[in-house]
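Enquirer: To be precise about what I am sending: the file is called target.csv and holds CSV, C-alpha atoms.
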chain,number,residue,atom,x,y,z
A,1,MET,CA,15.5,-214.1,-40.8
A,2,TYR,CA,13.1,-216.5,-42.5
A,3,GLU,CA,15.6,-219.4,-42.7
A,4,GLY,CA,14.1,-222.1,-40.5
A,5,PHE,CA,10.8,-220.1,-40.5
A,6,ALA,CA,10.4,-220.3,-44.3
A,7,ALA,CA,9.3,-223.9,-44.2
A,8,LEU,CA,6.6,-223.1,-41.6
A,9,TYR,CA,5.5,-219.7,-43.0
A,10,ASP,CA,2.5,-220.9,-45.2
A,11,ALA,CA,1.2,-223.2,-42.4
A,12,LEU,CA,1.3,-220.3,-39.9
A,13,MET,CA,-0.3,-217.9,-42.4
A,14,ASP,CA,-3.1,-220.3,-43.4
A,15,ASP,CA,-5.8,-217.8,-42.2
A,16,VAL,CA,-4.7,-214.9,-44.4
A,17,ASP,CA,-7.1,-213.9,-47.1
A,18,TYR,CA,-4.6,-213.8,-50.0
A,19,ALA,CA,-7.3,-213.6,-52.7
A,20,GLY,CA,-8.8,-210.6,-50.9
A,21,TRP,CA,-5.3,-209.0,-50.8
A,22,VAL,CA,-4.8,-209.6,-54.5
A,23,ASP,CA,-8.3,-208.1,-55.3
A,24,TYR,CA,-7.5,-205.0,-53.1
A,25,TYR,CA,-4.2,-204.3,-54.7
A,26,LEU,CA,-5.6,-204.7,-58.2
A,27,ALA,CA,-8.3,-202.2,-57.2
A,28,LEU,CA,-5.7,-199.9,-55.6
A,29,MET,CA,-3.7,-199.8,-58.8
A,30,ALA,CA,-6.8,-199.3,-60.9
A,31,TYR,CA,-7.9,-196.5,-58.5
A,32,ALA,CA,-4.5,-194.8,-59.3
A,33,GLY,CA,-5.2,-195.3,-63.1
A,34,LEU,CA,-2.9,-198.2,-63.6
A,35,HIS,CA,-3.6,-201.6,-65.1
A,36,PRO,CA,-0.1,-203.0,-65.2
A,37,ALA,CA,1.2,-205.4,-67.8
A,38,ARG,CA,4.5,-206.0,-65.9
A,39,ALA,CA,5.1,-205.7,-62.1
A,40,ALA,CA,7.6,-206.6,-59.5
A,41,GLU,CA,6.8,-207.7,-55.9
A,42,CYS,CA,9.4,-206.9,-53.4
A,43,ALA,CA,9.7,-209.0,-50.1
A,44,CYS,CA,7.5,-211.5,-51.9
A,45,GLY,CA,8.1,-214.3,-49.4
A,46,THR,CA,6.7,-217.6,-50.5
A,47,GLY,CA,4.9,-216.0,-53.4
A,48,SER,CA,1.3,-216.3,-52.5
A,49,LEU,CA,0.4,-212.8,-53.8
A,50,THR,CA,2.9,-213.0,-56.6
A,51,VAL,CA,1.2,-216.0,-58.0
A,52,GLY,CA,-2.2,-214.4,-57.5
A,53,PHE,CA,-1.2,-211.3,-59.5
A,54,ALA,CA,0.2,-213.6,-62.2
A,55,ARG,CA,-3.1,-215.4,-62.4
A,56,ALA,CA,-4.7,-212.0,-62.9
A,57,GLY,CA,-2.7,-211.6,-66.1
A,58,ILE,CA,0.3,-209.5,-64.8
A,59,ALA,CA,3.8,-210.6,-65.9
A,60,MET,CA,5.3,-210.8,-62.4
A,61,THR,CA,8.8,-210.8,-61.0
A,62,GLY,CA,9.2,-211.8,-57.4
A,63,VAL,CA,12.0,-210.3,-55.3
A,64,ASP,CA,13.1,-211.4,-51.8
A,65,ALA,CA,16.3,-211.5,-49.8
A,66,SER,CA,15.6,-215.1,-48.5
A,67,GLU,CA,16.7,-217.9,-50.8
A,68,ASP,CA,14.6,-220.3,-48.7
A,69,MET,CA,11.4,-218.3,-49.2
A,70,LEU,CA,12.1,-218.0,-52.9
A,71,ARG,CA,12.6,-221.7,-53.3
A,72,LEU,CA,9.1,-222.3,-51.9
A,73,ALA,CA,7.8,-219.5,-54.1
A,74,GLY,CA,9.2,-221.2,-57.2
A,75,GLN,CA,7.5,-224.5,-56.2
A,76,LYS,CA,4.2,-222.7,-55.6
A,77,ALA,CA,4.4,-220.9,-59.0
A,78,ARG,CA,5.1,-224.2,-60.9
A,79,ALA,CA,2.3,-225.9,-59.1
A,80,ALA,CA,0.0,-223.1,-60.2
A,81,GLY,CA,1.1,-223.3,-63.8
A,82,VAL,CA,2.5,-219.7,-64.0
A,83,ARG,CA,5.9,-218.6,-65.1
A,84,ILE,CA,7.5,-216.2,-62.6
A,85,PRO,CA,11.2,-215.3,-62.3
A,86,PHE,CA,12.2,-215.0,-58.7
A,87,ILE,CA,15.3,-213.0,-57.8
A,88,CYS,CA,17.2,-213.1,-54.5
A,89,GLN,CA,17.8,-209.4,-54.0
A,90,ASP,CA,17.7,-206.8,-51.2
A,91,MET,CA,14.7,-204.5,-51.9
A,92,ARG,CA,16.8,-201.5,-51.0
A,93,ALA,CA,19.0,-202.2,-54.1
A,94,LEU,CA,16.1,-203.3,-56.4
A,95,ALA,CA,17.5,-203.6,-59.9
A,96,LEU,CA,15.5,-205.1,-62.8
A,97,HIS,CA,16.4,-205.9,-66.4
A,98,ARG,CA,13.8,-203.5,-67.7
A,99,PRO,CA,11.3,-201.0,-66.2
A,100,VAL,CA,8.0,-202.2,-64.9
A,101,ASP,CA,4.6,-200.6,-64.6
A,102,ALA,CA,4.2,-201.3,-60.9
A,103,VAL,CA,6.4,-202.1,-57.9
A,104,LEU,CA,4.6,-203.7,-54.9
A,105,ALA,CA,5.7,-204.5,-51.4
A,106,THR,CA,3.0,-206.2,-49.5
A,107,CYS,CA,2.4,-207.8,-46.0
A,108,ASP,CA,4.8,-205.6,-43.9
A,109,GLY,CA,7.8,-205.8,-46.2
A,110,VAL,CA,8.6,-202.1,-45.7
A,111,ASN,CA,8.3,-202.5,-41.9
A,112,TYR,CA,11.3,-204.7,-42.1
A,113,LEU,CA,13.3,-201.7,-43.3
A,114,CYS,CA,14.3,-200.6,-39.8
A,115,SER,CA,15.6,-197.0,-40.4
A,116,PRO,CA,14.5,-194.0,-42.4
A,117,ALA,CA,17.6,-194.4,-44.6
A,118,ALA,CA,16.7,-198.0,-45.4
A,119,VAL,CA,13.1,-197.0,-46.4
A,120,GLN,CA,14.5,-194.0,-48.5
A,121,ALA,CA,16.9,-196.4,-50.3
A,122,PHE,CA,14.0,-198.7,-51.2
A,123,LEU,CA,11.9,-195.8,-52.4
A,124,GLY,CA,14.7,-194.5,-54.6
A,125,ALA,CA,15.3,-198.0,-56.0
A,126,ALA,CA,11.6,-198.5,-56.7
A,127,TYR,CA,11.4,-195.1,-58.5
A,128,ARG,CA,14.3,-196.1,-60.8
A,129,ALA,CA,12.7,-199.5,-61.5
A,130,LEU,CA,9.5,-197.9,-62.7
A,131,ARG,CA,8.7,-196.6,-66.2
A,132,PRO,CA,7.4,-193.0,-66.3
A,133,GLY,CA,3.8,-193.1,-65.3
A,134,GLY,CA,4.2,-196.3,-63.3
A,135,GLY,CA,3.3,-196.7,-59.6
A,136,LEU,CA,4.5,-197.9,-56.3
A,137,PHE,CA,2.1,-199.7,-54.0
A,138,PHE,CA,2.8,-201.0,-50.5
A,139,ASP,CA,1.5,-201.5,-47.0
A,140,VAL,CA,2.9,-201.2,-43.5
A,141,SER,CA,1.6,-202.2,-40.1
A,142,SER,CA,0.9,-198.9,-38.4
A,143,ARG,CA,2.6,-197.4,-35.4
A,144,TYR,CA,-0.6,-198.0,-33.4
A,145,LYS,CA,-0.4,-201.7,-34.2
A,146,LEU,CA,3.3,-202.2,-33.5
A,147,GLN,CA,3.3,-200.1,-30.3
A,148,THR,CA,-0.2,-200.8,-28.8
A,149,VAL,CA,-1.5,-204.0,-30.2
A,150,LEU,CA,1.7,-206.0,-30.5
A,151,GLY,CA,3.8,-203.9,-28.1
A,152,ASP,CA,5.3,-206.0,-25.3
A,153,ALA,CA,2.9,-208.9,-25.9
A,154,PHE,CA,3.5,-212.6,-25.7
A,155,TYR,CA,1.9,-215.2,-28.0
A,156,GLY,CA,2.1,-218.9,-28.2
A,157,GLU,CA,0.4,-221.8,-30.0
A,158,THR,CA,0.6,-225.5,-30.0
A,159,ARG,CA,-0.4,-227.5,-33.1
A,160,GLU,CA,-0.2,-231.2,-33.8
A,161,ASP,CA,3.2,-231.1,-35.5
A,162,MET,CA,4.7,-227.8,-34.1
A,163,ALA,CA,4.6,-225.1,-31.4
A,164,TYR,CA,5.9,-221.6,-31.2
A,165,LEU,CA,6.6,-218.9,-28.6
A,166,TRP,CA,6.5,-215.3,-29.7
A,167,ARG,CA,7.8,-212.5,-27.4
A,168,ASN,CA,7.7,-208.8,-28.3
A,169,ALA,CA,9.5,-205.8,-27.1
A,170,TYR,CA,8.8,-202.3,-28.4
A,171,ASP,CA,11.4,-199.5,-28.2
A,172,GLY,CA,9.5,-196.2,-28.4
A,173,GLY,CA,12.6,-194.1,-28.9
A,174,ARG,CA,13.5,-195.9,-32.1
A,175,ALA,CA,9.9,-196.9,-33.0
A,176,LEU,CA,11.2,-200.4,-33.3
A,177,LEU,CA,9.5,-203.7,-32.5
A,178,THR,CA,11.7,-206.7,-31.8
A,179,MET,CA,10.1,-210.1,-32.1
A,180,ASP,CA,11.8,-213.2,-30.6
A,181,LEU,CA,10.4,-216.4,-32.1
A,182,THR,CA,11.1,-219.9,-30.9
A,183,PHE,CA,9.8,-222.9,-32.8
A,184,PHE,CA,9.5,-226.6,-32.0
A,185,VAL,CA,8.9,-228.8,-35.0
A,186,ARG,CA,8.0,-232.5,-34.5
A,187,ARG,CA,10.3,-235.0,-36.2
A,188,ALA,CA,9.2,-238.3,-37.7
A,189,ASP,CA,10.5,-240.1,-34.6
A,190,GLY,CA,8.3,-238.0,-32.3
A,191,GLY,CA,11.0,-235.8,-31.0
A,192,TYR,CA,11.2,-232.0,-31.7
A,193,ASP,CA,13.8,-229.8,-33.3
A,194,ARG,CA,14.1,-226.3,-31.9
A,195,PHE,CA,15.1,-223.1,-33.8
A,196,ASP,CA,15.0,-219.4,-33.0
A,197,GLU,CA,14.7,-216.3,-35.0
A,198,VAL,CA,14.7,-212.6,-34.2
A,199,HIS,CA,12.6,-210.2,-36.4
A,200,ARG,CA,12.6,-206.5,-36.2
A,201,GLN,CA,10.1,-204.0,-37.7
A,202,ARG,CA,10.0,-200.2,-37.6
A,203,ALA,CA,6.7,-198.3,-37.1
A,204,HIS,CA,6.8,-195.8,-40.0
A,205,THR,CA,4.2,-193.0,-39.7
A,206,GLN,CA,1.9,-191.7,-42.4
A,207,ALA,CA,3.7,-188.3,-42.3
A,208,GLU,CA,7.1,-190.0,-42.7
A,209,LEU,CA,6.0,-192.2,-45.6
A,210,THR,CA,4.4,-189.2,-47.4
A,211,GLN,CA,7.6,-187.1,-46.9
A,212,TRP,CA,10.0,-189.8,-48.1
A,213,LEU,CA,7.9,-190.6,-51.1
A,214,ALA,CA,7.9,-187.0,-52.2
A,215,GLN,CA,11.6,-186.7,-51.6
A,216,ALA,CA,12.1,-189.7,-53.8
A,217,GLY,CA,10.3,-187.9,-56.6
A,218,PHE,CA,6.8,-189.6,-56.5
A,219,VAL,CA,3.6,-187.6,-57.1
A,220,ASP,CA,-0.1,-188.3,-56.4
A,221,ILE,CA,0.9,-189.7,-53.0
A,222,ARG,CA,-2.1,-191.3,-51.2
A,223,ILE,CA,-2.2,-193.2,-47.9
A,224,TYR,CA,-5.3,-195.3,-47.1
A,225,GLY,CA,-6.6,-197.2,-44.1
A,226,GLU,CA,-6.6,-201.0,-44.2
A,227,ARG,CA,-8.0,-202.2,-47.5
A,228,THR,CA,-10.1,-199.1,-48.0
A,229,PHE,CA,-9.9,-196.0,-50.1
A,230,GLU,CA,-10.4,-193.7,-47.1
A,231,PRO,CA,-7.9,-191.9,-44.9
A,232,PRO,CA,-6.6,-194.1,-42.1
A,233,ALA,CA,-8.6,-194.0,-38.8
A,234,PRO,CA,-6.6,-193.1,-35.7
A,235,HIS,CA,-6.4,-196.7,-34.7
A,236,ALA,CA,-6.0,-198.2,-38.1
A,237,GLN,CA,-3.7,-201.2,-37.9
A,238,ARG,CA,-2.5,-201.1,-41.5
A,239,LEU,CA,-1.7,-198.3,-44.0
A,240,HIS,CA,-1.6,-198.7,-47.7
A,241,ALA,CA,0.5,-196.3,-49.9
A,242,SER,CA,-0.1,-195.4,-53.5
A,243,ALA,CA,2.3,-193.2,-55.4
A,244,LEU,CA,3.2,-192.5,-59.1
A,245,ARG,CA,6.4,-191.8,-60.9
A,246,PRO,CA,5.8,-188.8,-63.2
Show me the file's structure as structure tokens.

Expert:
Amino acid sequence: MYEGFAALYDALMDDVDYAGWVDYYLALMAYAGLHPARAAECACGTGSLTVGFARAGIAMTGVDASEDMLRLAGQKARAAGVRIPFICQDMRALALHRPVDAVLATCDGVNYLCSPAAVQAFLGAAYRALRPGGGLFFDVSSRYKLQTVLGDAFYGETREDMAYLWRNAYDGGRALLTMDLTFFVRRADGGYDRFDEVHRQRAHTQAELTQWLAQAGFVDIRIYGERTFEPPAPHAQRLHASALRP
């Protein structure tokens, strides 16, 4: 995943309010009583939020399993004038040189952990990466979104220099959404290169996340609706989790 897609990711995400996401996560951490000096962002992708947190004064480390995404993240950090070490690492085996005040996983990173065991491995690794009193903060697309909104939908878009086809299939038994993506990217000679990727996300529920966080040792576990500090509404499309290491 995110090999050929990495070069297109920022262009396709050009409508995302990254500044708003940074502001919300800073408020989410403050709401939990944390103003972190050091933090790690798992599944950081091309680093848009990592750079935003660094600009807010947090010493950031970016972690992702895609070398292609991290290469772009490094370029973005240098262009922004911030120093961020980026580490190619599976978030389920997160291992940092020293404990941090906060671990973050934004923009569906935890959805890409496609089994309860995978999520529990990440939560355990995040717990061990935190100093006592530190916090874990992440979001997931809700089961309502993956099942009902994205479900078995089909999307497509044509732009001046590229086009894509996006086909979804939802497996209710495993709560698993499979996304088949086909991209056509225009070359300088006017022809197109095609590449395909398959992405899978699991629809973790609020009850599952709360249980797994508690089992990992976290306390003060809170789940909020999309960029709010209120319990998720029944049709909330995104859940935000906040939990502390005692």

Enquirer: Between A:Leu8, A:Leu123, A:Cys44, A:Ala129, which residue has the minimum interatomic distance to Gly109 (chain A), considering all atoms listed in the file?

Expert: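 Looking only at the distances to Gly109 (chain A), the closest residue turns out to be A:Cys44.
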
Enquirer: From the set A:Gln147, A:Ser48, A:Gln201, A:Gln75, which residue has the shortest atom-to-atom contact distance to Ala19 (chain A), counting all atoms listed in the file?

Expert: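 Nearest candidate to Ala19 (chain A) out of A:Gln147, A:Ser48, A:Gln201, A:Gln75: A:Ser48.
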
Enquirer: With distances taken over only C-alpha atoms, which of A:Asp101, A:Ala121, A:Ala243, A:Thr228 is nearest to Tyr24 (chain A)?

Expert: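 Smallest separation from Tyr24 (chain A) among the options: A:Thr228.
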
Enquirer: When distances are computed from all atoms listed in the file, which of A:Arg227, A:Val149, A:Cys88, A:Ala175 shows the smallest separation from Asp17 (chain A)?

Expert: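 For Asp17 (chain A), the nearest of the candidates is A:Arg227.
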
Enquirer: Do you have, as CSV, the list of residues of region 127-206 of chain A lying at most 10 Å from region 215-223 of chain A, each with its nearest atom pair and that distance in Å to one decimal, counting all atoms listed in the file and ordered by chain then number?

Expert:
residue,atom,partner,partner_atom,distance
A:Tyr127,CA,A:Ala216,CA,7.2
A:Arg128,CA,A:Ala216,CA,9.7
A:Gly133,CA,A:Val219,CA,9.9
A:Gly134,CA,A:Phe218,CA,9.9
A:Gly135,CA,A:Phe218,CA,8.5
A:Leu136,CA,A:Phe218,CA,8.6
A:Phe137,CA,A:Arg222,CA,9.8
A:Phe138,CA,A:Ile223,CA,9.6
A:Asp139,CA,A:Ile223,CA,9.1
A:Gln206,CA,A:Ile223,CA,7.0

Enquirer: Hey, what's within 12 Å of Ala153 (chain A) if we count only C-alpha atoms and toss same-chain stuff fewer than 4 positions away? As a list in words, please?

Expert: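 My list of contacting residues is Lys145, Leu146, Gln147, Thr148, Val149, Leu165, Trp166, Arg167, Asn168, Ala169, Tyr170, Leu177, Thr178, Met179 and Asp180 of chain A.
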
Enquirer: Between A:Ala43, A:Ala203, A:Val140, A:Leu26, which residue has the minimum interatomic distance to Gly62 (chain A), considering only C-alpha atoms?

Expert: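 When distances to Gly62 (chain A) are compared using only C-alpha atoms, the smallest one comes from A:Ala43.
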
Enquirer: Could you list, as a VMD selection string, every residue within 8 Å of region 185-188 of chain A, counting only C-alpha atoms and ignoring same-chain residues fewer than 5 positions away?

Expert: chain A and resid 161 to 163 193 to 194

Enquirer: Given all atoms listed in the file as the basis, pick out the residue of A:Asp171, A:Tyr9, A:Ala241, A:Glu67 nearest to Trp212 (chain A).

Expert: A:Ala241

Enquirer: Show me, as JSON, numbers by chain, the residues that have an atom within 12 Å of Ala73 (chain A) when counting all atoms listed in the file, minus same-chain residues fewer than 6 positions from it.

Expert: {"A": [6, 7, 9, 10, 41, 43, 44, 45, 46, 47, 48, 49, 50, 51, 52, 61, 62, 63, 64, 66, 67, 79, 80, 82, 83, 84, 85, 86, 87, 88]}

Enquirer: Would you list the contacts of Thr205 (chain A) as JSON, numbers by chain, taking every protein, DNA or RNA residue within 9 Å and counting only C-alpha atoms, but skipping same-chain residues closer than 4 positions in sequence?

Expert: {"A": [142, 143, 209, 210]}
